[in-house]
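Novice: This one is model_12.txt, compact mmCIF, C-alpha atoms.
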```txt
# COMPACT_ATOMS: atom_id res chain seq x y z
CA MET W 1306 -60.51 -94.72 -78.87
CA MET W 1307 -57.00 -93.40 -78.82
CA SER W 1308 -54.53 -95.71 -77.21
CA ILE W 1309 -51.41 -94.63 -75.15
CA HIS W 1310 -48.22 -96.44 -75.62
CA PRO W 1311 -47.13 -98.05 -72.35
CA GLN W 1312 -43.46 -97.07 -72.65
CA LYS W 1313 -44.24 -93.39 -73.20
CA PHE W 1314 -46.64 -93.44 -70.27
CA LEU W 1315 -43.98 -94.75 -67.94
CA VAL W 1316 -41.54 -92.08 -69.05
CA SER W 1317 -44.10 -89.37 -68.38
CA ILE W 1318 -44.88 -90.76 -64.95
CA GLY W 1319 -41.17 -90.90 -64.06
CA LEU W 1320 -40.55 -87.36 -65.25
CA TYR W 1321 -43.48 -86.14 -63.19
CA ILE W 1322 -42.23 -87.88 -60.09
CA PHE W 1323 -38.68 -86.47 -60.59
CA LEU W 1324 -39.99 -82.91 -60.96
CA LEU W 1325 -42.17 -83.33 -57.86
CA PHE W 1326 -39.18 -84.62 -55.82
CA LEU W 1327 -37.03 -81.72 -57.06
CA LEU W 1328 -39.70 -79.21 -56.04
CA ILE W 1329 -40.03 -80.75 -52.56
CA SER W 1330 -36.24 -80.68 -52.08
CA LEU W 1331 -36.06 -77.04 -53.13
CA LEU W 1332 -38.83 -76.04 -50.72
CA SER W 1333 -37.04 -77.90 -47.94
CA ILE W 1334 -33.79 -76.03 -48.59
CA ILE W 1335 -35.59 -72.67 -48.60
CA HIS W 1336 -37.36 -73.46 -45.32
CA THR W 1337 -34.13 -74.57 -43.64
CA SER W 1338 -32.33 -71.40 -44.77
CA ALA W 1339 -35.14 -69.26 -43.45
CA LEU W 1340 -35.02 -70.93 -40.05
CA HIS W 1341 -31.26 -70.48 -39.90
CA ASN W 1342 -31.48 -66.78 -40.69
CA THR W 1343 -34.23 -66.32 -38.13
CA ASN W 1344 -32.23 -68.03 -35.39
CA LYS W 1345 -29.14 -66.02 -36.34
CA GLY W 1346 -31.13 -62.80 -36.07
CA HIS W 1347 -32.43 -63.78 -32.65
CA SER W 1348 -28.93 -64.68 -31.56
CA ARG W 1349 -27.59 -61.32 -32.78
CA LYS W 1350 -30.32 -59.47 -30.93
CA LYS W 1351 -29.54 -61.40 -27.75
CA SER W 1352 -25.85 -60.60 -28.17
CA VAL W 1353 -26.55 -56.93 -28.68
CA ALA W 1354 -28.90 -56.89 -25.73
CA LYS W 1355 -26.31 -58.61 -23.58
CA SER W 1356 -23.46 -56.19 -24.45
CA SER W 1357 -25.47 -52.97 -24.30
CA PRO W 1358 -25.44 -51.16 -20.92
CA ILE W 1359 -28.70 -50.61 -19.16
CA ILE W 1360 -29.29 -46.87 -18.99
CA SER W 1361 -31.34 -45.77 -16.07
CA ALA W 1362 -34.13 -43.38 -16.75
CA THR W 1363 -32.89 -41.12 -13.90
CA SER W 1364 -29.20 -40.27 -13.07
CA PRO W 1365 -28.16 -40.16 -9.35
CA ILE W 1366 -28.29 -36.63 -7.87
CA SER W 1367 -26.06 -35.47 -4.99
CA PRO W 1368 -28.07 -34.47 -1.95
CA PRO W 1369 -28.27 -30.67 -1.45
CA LEU W 1370 -25.89 -29.06 1.03
CA VAL W 1371 -27.50 -28.16 4.33
CA PHE W 1372 -26.01 -25.18 6.17
CA ALA W 1373 -26.34 -24.31 9.83
CA ASP W 1374 -27.28 -20.75 8.90
CA GLN W 1375 -28.10 -18.88 5.71
CA ARG W 1376 -25.16 -16.58 6.45
CA LEU W 1377 -22.85 -19.55 5.97
CA GLN W 1378 -24.66 -20.52 2.79
CA LEU W 1379 -24.04 -16.99 1.50
CA VAL W 1380 -20.25 -17.18 1.95
CA TYR W 1381 -19.87 -20.80 0.75
CA PRO W 1382 -19.50 -19.91 -2.98
CA VAL W 1383 -17.13 -17.07 -2.04
CA ILE W 1384 -14.86 -19.53 -0.24
CA GLN W 1385 -15.01 -22.08 -3.02
CA LYS W 1386 -14.17 -19.47 -5.64
CA PHE W 1387 -11.18 -18.34 -3.59
CA LYS W 1388 -10.14 -21.96 -3.13
CA SER W 1389 -10.07 -22.44 -6.90
CA SER W 1390 -7.72 -19.43 -7.24
CA ILE W 1391 -5.10 -20.84 -4.86
CA THR W 1392 -2.05 -21.95 -6.82
CA LEU W 1393 -0.01 -23.46 -3.99
CA ASP W 1394 -1.06 -25.20 -0.78
CA PRO W 1395 1.99 -27.02 0.61
CA LEU W 1396 0.27 -27.92 3.89
CA GLY W 1397 -2.91 -29.26 2.29
CA VAL W 1398 -5.09 -26.78 4.15
CA THR W 1399 -7.72 -26.43 1.43
CA LYS W 1400 -8.47 -30.18 1.49
CA THR W 1401 -10.61 -29.44 4.55
CA TRP W 1402 -12.63 -26.78 2.72
CA VAL W 1403 -15.29 -29.25 1.62
CA GLY W 1404 -18.98 -29.53 2.43
CA SER W 1405 -21.43 -27.33 4.24
CA ASP W 1406 -19.76 -27.32 7.68
CA ILE W 1407 -17.74 -24.16 7.03
CA CYS W 1408 -17.06 -23.77 10.74
CA SER W 1409 -14.90 -26.91 10.61
CA TYR W 1410 -12.76 -25.69 7.69
CA LYS W 1411 -9.16 -25.23 8.77
CA GLY W 1412 -8.53 -21.52 9.36
CA PHE W 1413 -12.23 -20.59 9.55
CA TYR W 1414 -14.01 -19.74 12.83
CA CYS W 1415 -17.67 -19.06 13.47
CA ASP W 1416 -19.46 -17.09 16.13
CA THR W 1417 -22.70 -15.26 16.75
CA PRO W 1418 -22.89 -11.91 14.94
CA PRO W 1419 -23.47 -8.80 17.06
CA TYR W 1420 -26.89 -8.16 15.55
CA ASN W 1421 -28.38 -11.64 16.23
CA SER W 1422 -27.42 -13.77 19.21
CA SER W 1423 -29.20 -16.85 17.82
CA ALA W 1424 -27.43 -16.81 14.43
CA VAL W 1425 -24.17 -18.40 13.30
CA ALA W 1426 -21.79 -16.52 10.99
CA LEU W 1427 -18.21 -16.69 9.75
CA ALA W 1428 -16.57 -14.33 12.24
CA SER W 1429 -12.81 -14.76 11.84
CA ILE W 1430 -10.14 -16.22 9.56
CA ASP W 1431 -6.65 -17.20 10.64
CA PHE W 1432 -4.37 -18.24 7.76
CA ASN W 1433 -1.17 -17.42 9.64
CA GLY W 1434 1.70 -19.58 8.42
CA PHE W 1435 -0.36 -21.57 5.89
CA GLN W 1436 2.02 -20.58 3.03
CA LEU W 1437 -0.87 -20.33 0.58
CA SER W 1438 -0.29 -18.67 -2.80
CA ALA W 1439 -2.98 -16.75 -4.67
CA PRO W 1440 -2.82 -13.83 -7.10
CA THR W 1441 -5.20 -11.67 -5.08
CA LEU W 1442 -7.48 -11.46 -2.05
CA ASP W 1443 -9.95 -9.26 -3.93
CA GLY W 1444 -13.37 -10.84 -4.11
CA PHE W 1445 -12.70 -12.87 -0.98
CA ILE W 1446 -12.13 -10.85 2.15
CA ASP W 1447 -14.45 -8.05 0.99
CA GLN W 1448 -17.26 -10.57 0.38
CA LEU W 1449 -17.34 -11.83 3.98
CA PRO W 1450 -19.93 -9.47 5.52
CA ASP W 1451 -19.64 -10.67 9.12
CA ILE W 1452 -15.86 -10.96 9.33
CA ALA W 1453 -14.34 -9.33 12.41
CA LEU W 1454 -10.79 -10.68 12.36
CA PHE W 1455 -8.68 -11.54 9.31
CA HIS W 1456 -5.12 -12.80 9.85
CA ALA W 1457 -3.05 -13.99 6.89
CA ASN W 1458 0.53 -13.60 8.10
CA THR W 1459 3.25 -15.45 6.15
CA ASN W 1460 1.58 -16.46 2.91
CA ASN W 1461 2.14 -15.48 -0.72
CA PHE W 1462 -0.90 -13.39 -1.52
CA GLY W 1463 -0.38 -10.80 -4.24
CA GLY W 1464 -2.25 -7.86 -5.71
CA THR W 1465 -3.55 -4.85 -3.80
CA ILE W 1466 -6.09 -4.39 -1.02
CA THR W 1467 -9.49 -3.76 -2.54
CA PRO W 1468 -11.30 -0.50 -1.66
CA GLN W 1469 -14.40 -2.62 -0.96
CA ILE W 1470 -12.85 -3.61 2.36
CA SER W 1471 -14.21 -0.37 3.81
CA LYS W 1472 -17.72 -1.86 3.64
CA LEU W 1473 -16.98 -4.49 6.27
CA PRO W 1474 -18.82 -3.18 9.35
CA TYR W 1475 -17.27 -5.43 12.02
CA LEU W 1476 -13.62 -5.81 10.97
CA TYR W 1477 -11.37 -4.77 13.84
CA GLU W 1478 -8.14 -6.73 13.18
CA LEU W 1479 -6.44 -6.96 9.78
CA ASP W 1480 -3.07 -8.70 9.51
CA LEU W 1481 -1.69 -9.10 5.98
CA SER W 1482 1.99 -9.06 6.93
CA ASN W 1483 4.65 -11.17 5.23
CA ASN W 1484 3.01 -11.42 1.82
CA GLN W 1485 3.59 -10.01 -1.68
CA LEU W 1486 0.99 -7.25 -1.61
CA SER W 1487 1.85 -4.07 -3.48
CA GLY W 1488 0.50 -0.73 -4.63
CA PRO W 1489 -0.16 2.39 -2.57
CA PHE W 1490 -1.11 2.44 1.08
CA PRO W 1491 -4.62 0.92 1.41
CA VAL W 1492 -6.51 4.16 1.98
CA ALA W 1493 -9.75 2.18 2.21
CA VAL W 1494 -8.97 1.56 5.88
CA LEU W 1495 -9.36 5.27 6.60
CA GLY W 1496 -12.68 5.89 8.29
CA MET W 1497 -13.18 2.26 9.32
CA GLU W 1498 -14.32 3.05 12.85
CA THR W 1499 -14.09 -0.53 14.07
CA LEU W 1500 -10.50 -1.13 12.94
CA THR W 1501 -8.02 -1.07 15.83
CA PHE W 1502 -5.24 -3.34 14.54
CA LEU W 1503 -3.53 -2.96 11.15
CA ASP W 1504 -0.42 -4.94 10.22
CA ILE W 1505 0.86 -4.67 6.63
CA ARG W 1506 4.60 -5.01 7.31
CA PHE W 1507 6.91 -7.04 5.10
CA ASN W 1508 5.10 -6.33 1.83
CA LEU W 1509 5.79 -4.16 -1.22
CA PHE W 1510 3.56 -1.16 -0.53
CA SER W 1511 5.03 2.12 -1.76
CA GLY W 1512 4.40 5.84 -2.04
CA ALA W 1513 3.12 8.02 0.77
CA VAL W 1514 1.31 7.09 3.96
CA PRO W 1515 -1.80 9.26 4.36
CA PRO W 1516 -1.33 11.45 7.46
CA GLN W 1517 -4.90 10.72 8.56
CA ILE W 1518 -3.95 7.16 9.47
CA PHE W 1519 -2.03 8.41 12.51
CA THR W 1520 -5.12 10.03 14.01
CA GLU W 1521 -7.50 7.12 13.40
CA ASN W 1522 -8.78 4.92 16.22
CA LEU W 1523 -5.96 2.45 15.70
CA GLN W 1524 -4.16 1.01 18.69
CA VAL W 1525 -1.61 -0.95 16.64
CA LEU W 1526 -0.05 0.10 13.33
CA PHE W 1527 2.78 -1.91 11.80
CA ILE W 1528 3.93 -0.62 8.42
CA ASN W 1529 7.62 -1.46 8.60
CA ASN W 1530 9.51 -3.24 5.81
CA ASN W 1531 7.74 -1.68 2.85
CA ILE W 1532 8.86 1.04 0.42
CA PHE W 1533 7.06 4.08 1.81
CA ASN W 1534 8.87 7.26 0.82
CA GLN W 1535 8.06 10.57 2.54
CA SER W 1536 8.94 12.73 5.50
CA LEU W 1537 7.36 11.92 8.83
CA PRO W 1538 4.09 13.88 8.92
CA ASP W 1539 3.59 16.56 11.55
CA ASN W 1540 0.31 15.09 12.79
CA LEU W 1541 2.20 11.97 13.82
CA ALA W 1542 2.67 13.89 17.04
CA SER W 1543 -1.10 13.72 17.63
CA THR W 1544 -1.38 9.96 17.35
CA HIS W 1545 -3.02 7.77 19.98
CA ILE W 1546 -1.45 4.59 18.61
CA LEU W 1547 0.00 2.34 21.30
CA LEU W 1548 2.26 0.19 19.08
CA LEU W 1549 3.84 1.79 16.01
CA THR W 1550 6.64 0.56 13.75
CA LEU W 1551 7.95 2.60 10.82
CA ALA W 1552 11.28 0.83 10.32
CA ASN W 1553 12.83 -0.38 7.07
CA ASN W 1554 11.18 2.05 4.69
CA LYS W 1555 12.40 5.22 3.03
CA PHE W 1556 11.05 7.82 5.44
CA ASN W 1557 13.17 10.96 5.23
CA GLY W 1558 13.64 14.36 6.85
CA PRO W 1559 14.12 15.12 10.55
CA ILE W 1560 12.40 13.52 13.52
CA PRO W 1561 9.62 15.98 14.43
CA ARG W 1562 10.36 17.63 17.77
CA ASN W 1563 6.84 17.01 19.04
CA LEU W 1564 6.88 13.34 18.05
CA PRO W 1565 8.46 11.94 21.24
CA LYS W 1566 5.76 13.49 23.45
CA ALA W 1567 3.10 11.80 21.33
CA LEU W 1568 4.91 8.47 21.59
CA ALA W 1569 5.61 8.82 25.30
CA THR W 1570 3.46 5.78 26.12
CA LEU W 1571 5.13 3.46 23.60
CA SER W 1572 7.36 0.68 24.86
CA GLU W 1573 9.10 0.33 21.48
CA VAL W 1574 9.98 3.13 19.05
CA LEU W 1575 11.43 1.67 15.84
CA LEU W 1576 12.65 4.08 13.15
CA LEU W 1577 15.68 2.11 11.95
CA ASN W 1578 16.74 1.65 8.32
CA ASN W 1579 15.15 4.73 6.84
CA GLN W 1580 16.63 7.93 5.42
CA LEU W 1581 16.05 10.26 8.38
CA THR W 1582 18.27 13.33 8.57
CA GLY W 1583 18.93 16.22 10.93
CA CYS W 1584 19.77 16.19 14.61
CA LEU W 1585 18.23 14.24 17.45
CA PRO W 1586 15.80 16.50 19.34
CA TYR W 1587 16.14 16.68 23.11
CA GLU W 1588 12.44 15.74 23.26
CA ILE W 1589 13.37 12.06 22.90
CA GLY W 1590 13.86 12.27 26.66
CA TYR W 1591 10.07 12.12 26.94
CA LEU W 1592 10.06 8.48 25.79
CA GLN W 1593 10.21 7.41 29.41
CA GLU W 1594 8.19 4.21 28.87
CA ALA W 1595 10.40 3.00 26.03
CA THR W 1596 12.34 -0.18 26.53
CA VAL W 1597 13.56 -0.10 22.91
CA PHE W 1598 14.55 2.99 20.92
CA ASP W 1599 16.08 2.22 17.55
CA VAL W 1600 17.09 4.80 14.93
CA GLY W 1601 19.99 2.80 13.50
CA ASN W 1602 21.08 3.11 9.86
CA ASN W 1603 19.77 6.55 9.03
CA GLN W 1604 21.60 9.81 8.29
CA LEU W 1605 21.12 11.51 11.65
CA THR W 1606 23.89 13.80 12.83
CA GLY W 1607 24.96 15.99 15.75
CA PRO W 1608 25.79 15.08 19.36
CA LEU W 1609 23.79 12.71 21.54
CA PRO W 1610 21.29 14.70 23.62
CA PHE W 1611 21.75 14.45 27.39
CA SER W 1612 18.00 13.81 27.65
CA LEU W 1613 18.62 10.18 26.72
CA SER W 1614 19.45 9.70 30.39
CA CYS W 1615 15.69 10.01 31.11
CA LEU W 1616 14.98 6.67 29.38
CA GLU W 1617 15.50 4.72 32.58
CA LYS W 1618 13.43 1.76 31.36
CA ALA W 1619 15.50 1.42 28.21
CA GLU W 1620 17.02 -1.98 27.56
CA ILE W 1621 18.05 -1.52 23.93
CA LEU W 1622 19.26 1.74 22.37
CA ASN W 1623 20.52 1.65 18.79
CA PHE W 1624 22.09 4.68 17.10
CA ALA W 1625 24.52 2.70 14.92
CA GLY W 1626 25.14 3.62 11.30
CA ASN W 1627 24.52 7.36 11.46
CA LEU W 1628 26.63 10.55 11.35
CA LEU W 1629 26.63 11.30 15.08
CA TYR W 1630 29.71 12.85 16.65
CA GLY W 1631 31.17 14.43 19.79
CA MET W 1632 31.70 12.88 23.19
CA VAL W 1633 29.51 10.06 24.44
CA PRO W 1634 27.80 11.82 27.37
CA GLU W 1635 28.74 10.40 30.76
CA VAL W 1636 25.37 11.46 32.15
CA VAL W 1637 23.65 9.18 29.64
CA CYS W 1638 25.79 6.18 30.57
CA ALA W 1639 25.21 6.89 34.27
CA GLY W 1640 21.46 7.35 33.95
CA LEU W 1641 20.93 4.19 31.92
CA MET W 1642 23.26 1.84 33.74
CA GLY W 1643 20.44 0.05 35.61
CA ASN W 1644 18.47 -1.76 32.86
CA LEU W 1645 20.55 -1.24 29.74
CA VAL W 1646 21.48 -4.44 27.90
CA ASN W 1647 22.58 -3.15 24.50
CA PHE W 1648 23.68 0.41 23.67
CA SER W 1649 25.07 0.60 20.15
CA LEU W 1650 26.87 3.71 18.86
CA SER W 1651 28.99 1.86 16.30
CA HIS W 1652 29.69 3.23 12.82
CA ASN W 1653 29.44 6.90 13.80
CA TYR W 1654 32.07 9.59 14.44
CA PHE W 1655 32.25 9.92 18.23
CA ASN W 1656 35.72 11.03 19.33
CA ALA W 1657 35.70 10.72 23.14
CA VAL W 1658 34.31 8.44 25.83
CA GLY W 1659 34.55 8.91 29.61
CA PRO W 1660 35.16 6.49 32.50
CA ILE W 1661 31.52 5.66 33.26
CA CYS W 1662 30.83 4.82 29.64
CA ARG W 1663 34.02 2.73 29.57
CA VAL W 1664 32.48 0.61 32.33
CA LEU W 1665 29.62 -0.17 29.96
CA ILE W 1666 32.15 -0.98 27.23
CA GLN W 1667 33.88 -3.43 29.56
CA ARG W 1668 30.56 -5.05 30.40
CA GLY W 1669 29.82 -5.56 26.70
CA VAL W 1670 26.82 -3.23 26.88
CA LEU W 1671 28.18 -0.23 24.97
CA ASP W 1672 29.49 -0.71 21.42
CA VAL W 1673 31.60 2.15 20.04
CA THR W 1674 33.47 0.31 17.29
CA ASN W 1675 34.11 2.15 14.01
CA ASN W 1676 34.18 5.63 15.49
CA CYS W 1677 37.02 8.11 15.91
CA ILE W 1678 38.10 7.44 19.54
CA PRO W 1679 41.93 7.50 19.45
CA ASP W 1680 42.76 5.13 22.30
CA LEU W 1681 40.23 2.39 21.54
CA PRO W 1682 40.63 -0.49 19.07
CA LEU W 1683 38.58 -1.10 15.93
CA GLN W 1684 38.15 2.57 15.03
CA ARG W 1685 37.96 4.42 11.72
CA SER W 1686 41.16 5.55 10.08
CA ILE W 1687 42.62 8.98 10.91
CA LEU W 1688 42.09 10.04 7.31
CA GLU W 1689 38.43 9.04 7.34
CA CYS W 1690 37.79 10.89 10.59
CA ALA W 1691 39.65 14.00 9.40
CA ASP W 1692 37.60 14.07 6.23
CA PHE W 1693 34.37 13.93 8.23
CA PHE W 1694 35.30 16.71 10.68
CA ALA W 1695 36.49 18.91 7.82
CA GLN W 1696 32.82 19.36 6.90
CA PRO W 1697 31.06 21.10 9.82
CA ARG W 1698 27.61 19.72 10.71
CA MET W 1699 25.89 22.12 13.07
CA CYS W 1700 22.51 21.57 14.67
CA PRO W 1701 20.00 24.36 15.27
CA LEU W 1702 19.54 25.24 18.94
CA MET W 1703 22.74 23.44 19.86
CA TRP W 1704 22.40 24.40 23.54
CA TYR W 1705 19.29 22.21 23.84
CA HIS W 1706 21.28 19.01 23.56
CA THR W 1707 22.34 19.42 27.22
CA PHE W 1708 18.77 19.94 28.48
CA ILE W 1709 17.41 17.11 30.66
CA PRO W 1710 13.59 17.13 31.05
CA CYS W 1711 13.42 14.72 34.00
CA LYS W 1712 14.77 14.06 37.46
CA LEU W 1713 17.68 11.66 37.28
CA HIS W 1714 18.17 8.64 39.52
CA PHE W 1715 21.73 7.42 39.25
CA HIS W 1716 22.60 3.81 40.02
CA ASN W 1717 25.48 3.99 42.52
CA THR W 1718 27.52 6.04 40.08
CA PRO W 1719 30.11 8.58 41.22
CA LEU W 1720 28.47 11.83 40.15
CA SER W 1721 31.83 13.58 40.19
CA SER W 1722 32.60 11.92 36.88
CA VAL W 1723 29.40 13.15 35.25
CA PRO W 1724 29.97 16.26 33.09
```
Give the structure from this file in structure tokens form.
Specialist:
Amino acid sequence: MMSIHPQKFLVSIGLYIFLLFLLISLLSIIHTSALHNTNKGHSRKKSVAKSSPIISATSPISPPLVFADQRLQLVYPVIQKFKSSITLDPLGVTKTWVGSDICSYKGFYCDTPPYNSSAVALASIDFNGFQLSAPTLDGFIDQLPDIALFHANTNNFGGTITPQISKLPYLYELDLSNNQLSGPFPVAVLGMETLTFLDIRFNLFSGAVPPQIFTENLQVLFINNNIFNQSLPDNLASTHILLLTLANNKFNGPIPRNLPKALATLSEVLLLNNQLTGCLPYEIGYLQEATVFDVGNNQLTGPLPFSLSCLEKAEILNFAGNLLYGMVPEVVCAGLMGNLVNFSLSHNYFNAVGPICRVLIQRGVLDVTNNCIPDLPLQRSILECADFFAQPRMCPLMWYHTFIPCKLHFHNTPLSSVP
């Protein structure tokens, strides 16, 4: 029997116990590390979960716009597109152009269309004085199928007037005055049977005015303060227009002799600041409803026709800034003494004035400054007058200037002084 030495046995037992203790310690360290890493991972996940936003499965959707009528729904995108093109809105008008209630937008007005009394449509627009700026009105006004009235006075709209405007079946008033519109006369308005009011004054339109416009169904035509350049068309004498202004353009040539008869119903005849030439026809005596007759700042010449005495309703007569000459007719001053407030003959070449007309000068009614009247103050120089009369300016049918096509009613004026 082999015997084991007691000392060696004790060493072996001690080594075994040491190794076992070391193994247990190592396992404990590994377990502790594992738990720590696990807890750290859970903590990180919680942190990430806490900081991450919760994303809803469905995003909020704006409720659809509800319109009072499909006709309003049709024009809504047209209005919004035009709104996006506006570059200046100093009065904040477009802030009201929001939502489906188009009839409450500032400047927009609804009504029942003529073809359906139960419907609601955008019937009229009034932008007068809004001071809006936009490069064009194309794609806006012509896309409003039920529009009957469009007023946009005093804004800054540019571009031209689209030919598509002729397709608007109900438009009867179009006011685009005081803007920056340009190009030729908007011929698209020709043939628009419903249109009765057209105002395009104070713009930059140029070229010729189509003669047909004067025989359309228009009652009002304002085309003054543009750059139209042509002679007055002959068919202007056939017009049925009740209010017509042609002033401040570049119309040239003589005043047609048959024009005054055609304009006999007009209360205002405004031809000032053009380039009209020739002599005044006696037919202006037919303007017996006129309270204002203004041909100032043209190149008209010849004597004043006696027929002016027929304009008994006249309050303002302006012939200033022309090449008129001769004696201021006493019969004219006598015939117009009742209602006349302002009678300007300044900056012409008249060389004589009688006693009845001098009464109007004393009253401050008649202005004859800057003429060639020797005994009155504030006249042209002798040299300037002599130079003018050295170049004869004769009118055809000179004897007609004394013809008076009416029965005169003098206002307590001594007829013995009337020539």
Novice: Env of segment 1543-1557 of chain W: 7 Å cut, atoms = all atoms listed in the file, seq-sep filter 5 positions within chain, self excluded. Answer as a PyMOL selection string.
Specialist: chain W and resi 1519-1520+1523-1537+1567+1570-1571+1574-1582
Novice: Take the selection from the previous step and output its residues with C-alpha atoms, as a PDB file, in the frame of the given file.
Specialist:
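To be explicit, this is the file written out as out-v4.pdb:
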```
ATOM      1  CA  PHE W1519      -2.030   8.410  12.510  1.00  0.00           C
ATOM      2  CA  THR W1520      -5.120  10.030  14.010  1.00  0.00           C
ATOM      3  CA  LEU W1523      -5.960   2.450  15.700  1.00  0.00           C
ATOM      4  CA  GLN W1524      -4.160   1.010  18.690  1.00  0.00           C
ATOM      5  CA  VAL W1525      -1.610  -0.950  16.640  1.00  0.00           C
ATOM      6  CA  LEU W1526      -0.050   0.100  13.330  1.00  0.00           C
ATOM      7  CA  PHE W1527       2.780  -1.910  11.800  1.00  0.00           C
ATOM      8  CA  ILE W1528       3.930  -0.620   8.420  1.00  0.00           C
ATOM      9  CA  ASN W1529       7.620  -1.460   8.600  1.00  0.00           C
ATOM     10  CA  ASN W1530       9.510  -3.240   5.810  1.00  0.00           C
ATOM     11  CA  ASN W1531       7.740  -1.680   2.850  1.00  0.00           C
ATOM     12  CA  ILE W1532       8.860   1.040   0.420  1.00  0.00           C
ATOM     13  CA  PHE W1533       7.060   4.080   1.810  1.00  0.00           C
ATOM     14  CA  ASN W1534       8.870   7.260   0.820  1.00  0.00           C
ATOM     15  CA  GLN W1535       8.060  10.570   2.540  1.00  0.00           C
ATOM     16  CA  SER W1536       8.940  12.730   5.500  1.00  0.00           C
ATOM     17  CA  LEU W1537       7.360  11.920   8.830  1.00  0.00           C
ATOM     18  CA  ALA W1567       3.100  11.800  21.330  1.00  0.00           C
ATOM     19  CA  THR W1570       3.460   5.780  26.120  1.00  0.00           C
ATOM     20  CA  LEU W1571       5.130   3.460  23.600  1.00  0.00           C
ATOM     21  CA  VAL W1574       9.980   3.130  19.050  1.00  0.00           C
ATOM     22  CA  LEU W1575      11.430   1.670  15.840  1.00  0.00           C
ATOM     23  CA  LEU W1576      12.650   4.080  13.150  1.00  0.00           C
ATOM     24  CA  LEU W1577      15.680   2.110  11.950  1.00  0.00           C
ATOM     25  CA  ASN W1578      16.740   1.650   8.320  1.00  0.00           C
ATOM     26  CA  ASN W1579      15.150   4.730   6.840  1.00  0.00           C
ATOM     27  CA  GLN W1580      16.630   7.930   5.420  1.00  0.00           C
ATOM     28  CA  LEU W1581      16.050  10.260   8.380  1.00  0.00           C
ATOM     29  CA  THR W1582      18.270  13.330   8.570  1.00  0.00           C
TER      30      THR W1582
END
```
Novice: Report the distance between atom CA of Asn1653 of chain W and atom CA of Leu1702 of chain W in Å, rounded to one decimal place.
Specialist: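 For atom CA of Asn1653 of chain W relative to atom CA of Leu1702 of chain W, the distance reads 21.5 Å.
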Novice: So what do you get for atom CA of Ile1446 of chain W versus atom CA of Gln1469 of chain W, distance-wise?
Specialist: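 Separating atom CA of Ile1446 of chain W from atom CA of Gln1469 of chain W is a distance of 9.1 Å.
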Novice: Need the shell around segment 1435-1440 of chain W: protein/DNA/RNA residues with any atom at most 7 Å away, counting only C-alpha atoms. Skip same-chain ones fewer than 4 positions apart. Format as a PyMOL selection string?
Specialist: chain W and resi 1390-1396+1459-1464
Novice: What is the distance between atom CA of Leu1427 of chain W and atom CA of Pro1382 of chain W, in Å to one decimal?
Specialist: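 Separating atom CA of Leu1427 of chain W from atom CA of Pro1382 of chain W is a distance of 13.2 Å.
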Novice: In the coordinate frame of the file, compute which residues have an atom within 8 Å of (34.8, 2.5, 14.8) when using all atoms listed in the file, and state them as a PyMOL selection string.
Specialist: chain W and resi 1651-1654+1673-1678+1682-1685
Novice: Can I get the selected residues back with C-alpha atoms, as a PDB file, in the coordinates of the input?
Specialist:
```pdb
ATOM      1  CA  SER W1651      28.990   1.860  16.300  1.00  0.00           C
ATOM      2  CA  HIS W1652      29.690   3.230  12.820  1.00  0.00           C
ATOM      3  CA  ASN W1653      29.440   6.900  13.800  1.00  0.00           C
ATOM      4  CA  TYR W1654      32.070   9.590  14.440  1.00  0.00           C
ATOM      5  CA  VAL W1673      31.600   2.150  20.040  1.00  0.00           C
ATOM      6  CA  THR W1674      33.470   0.310  17.290  1.00  0.00           C
ATOM      7  CA  ASN W1675      34.110   2.150  14.010  1.00  0.00           C
ATOM      8  CA  ASN W1676      34.180   5.630  15.490  1.00  0.00           C
ATOM      9  CA  CYS W1677      37.020   8.110  15.910  1.00  0.00           C
ATOM     10  CA  ILE W1678      38.100   7.440  19.540  1.00  0.00           C
ATOM     11  CA  PRO W1682      40.630  -0.490  19.070  1.00  0.00           C
ATOM     12  CA  LEU W1683      38.580  -1.100  15.930  1.00  0.00           C
ATOM     13  CA  GLN W1684      38.150   2.570  15.030  1.00  0.00           C
ATOM     14  CA  ARG W1685      37.960   4.420  11.720  1.00  0.00           C
TER      15      ARG W1685
END
```
Novice: Find the spatial neighbours of segment 1472-1478 of chain W, counting only C-alpha atoms, within a cut-off of 6 Å - ignore same-chain residues fewer than 2 positions away - and output them as a compact mmCIF listing (two decimals) with C-alpha atoms, in the coordinates of the input.
Specialist:
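New file part-v6.txt:
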```txt
# COMPACT_ATOMS: atom_id res chain seq x y z
CA PRO W 1450 -19.93 -9.47 5.52
CA ILE W 1452 -15.86 -10.96 9.33
CA ALA W 1453 -14.34 -9.33 12.41
CA LEU W 1454 -10.79 -10.68 12.36
CA GLN W 1469 -14.40 -2.62 -0.96
CA ILE W 1470 -12.85 -3.61 2.36
CA THR W 1499 -14.09 -0.53 14.07
CA LEU W 1500 -10.50 -1.13 12.94
CA THR W 1501 -8.02 -1.07 15.83
CA PHE W 1502 -5.24 -3.34 14.54
```
Novice: Using all atoms of segment 1476-1492 of chain W listed in the file and a margin of 6 Å per side, can you give the axis-aligned box centre and edge lengths in Å to one decimal, as lines of an AutoDock Vina configuration file?
Specialist:
```
center_x = -4.5
center_y = -3.6
center_z = 4.6
size_x = 30.3
size_y = 27.6
size_z = 30.5
```
Novice: Might you pull out every residue within 9 Å of Leu1370 of chain W, with only C-alpha atoms counted and same-chain residues fewer than 5 positions away left off, and present them as a PyMOL selection string?
Specialist: chain W and resi 1378+1404-1405
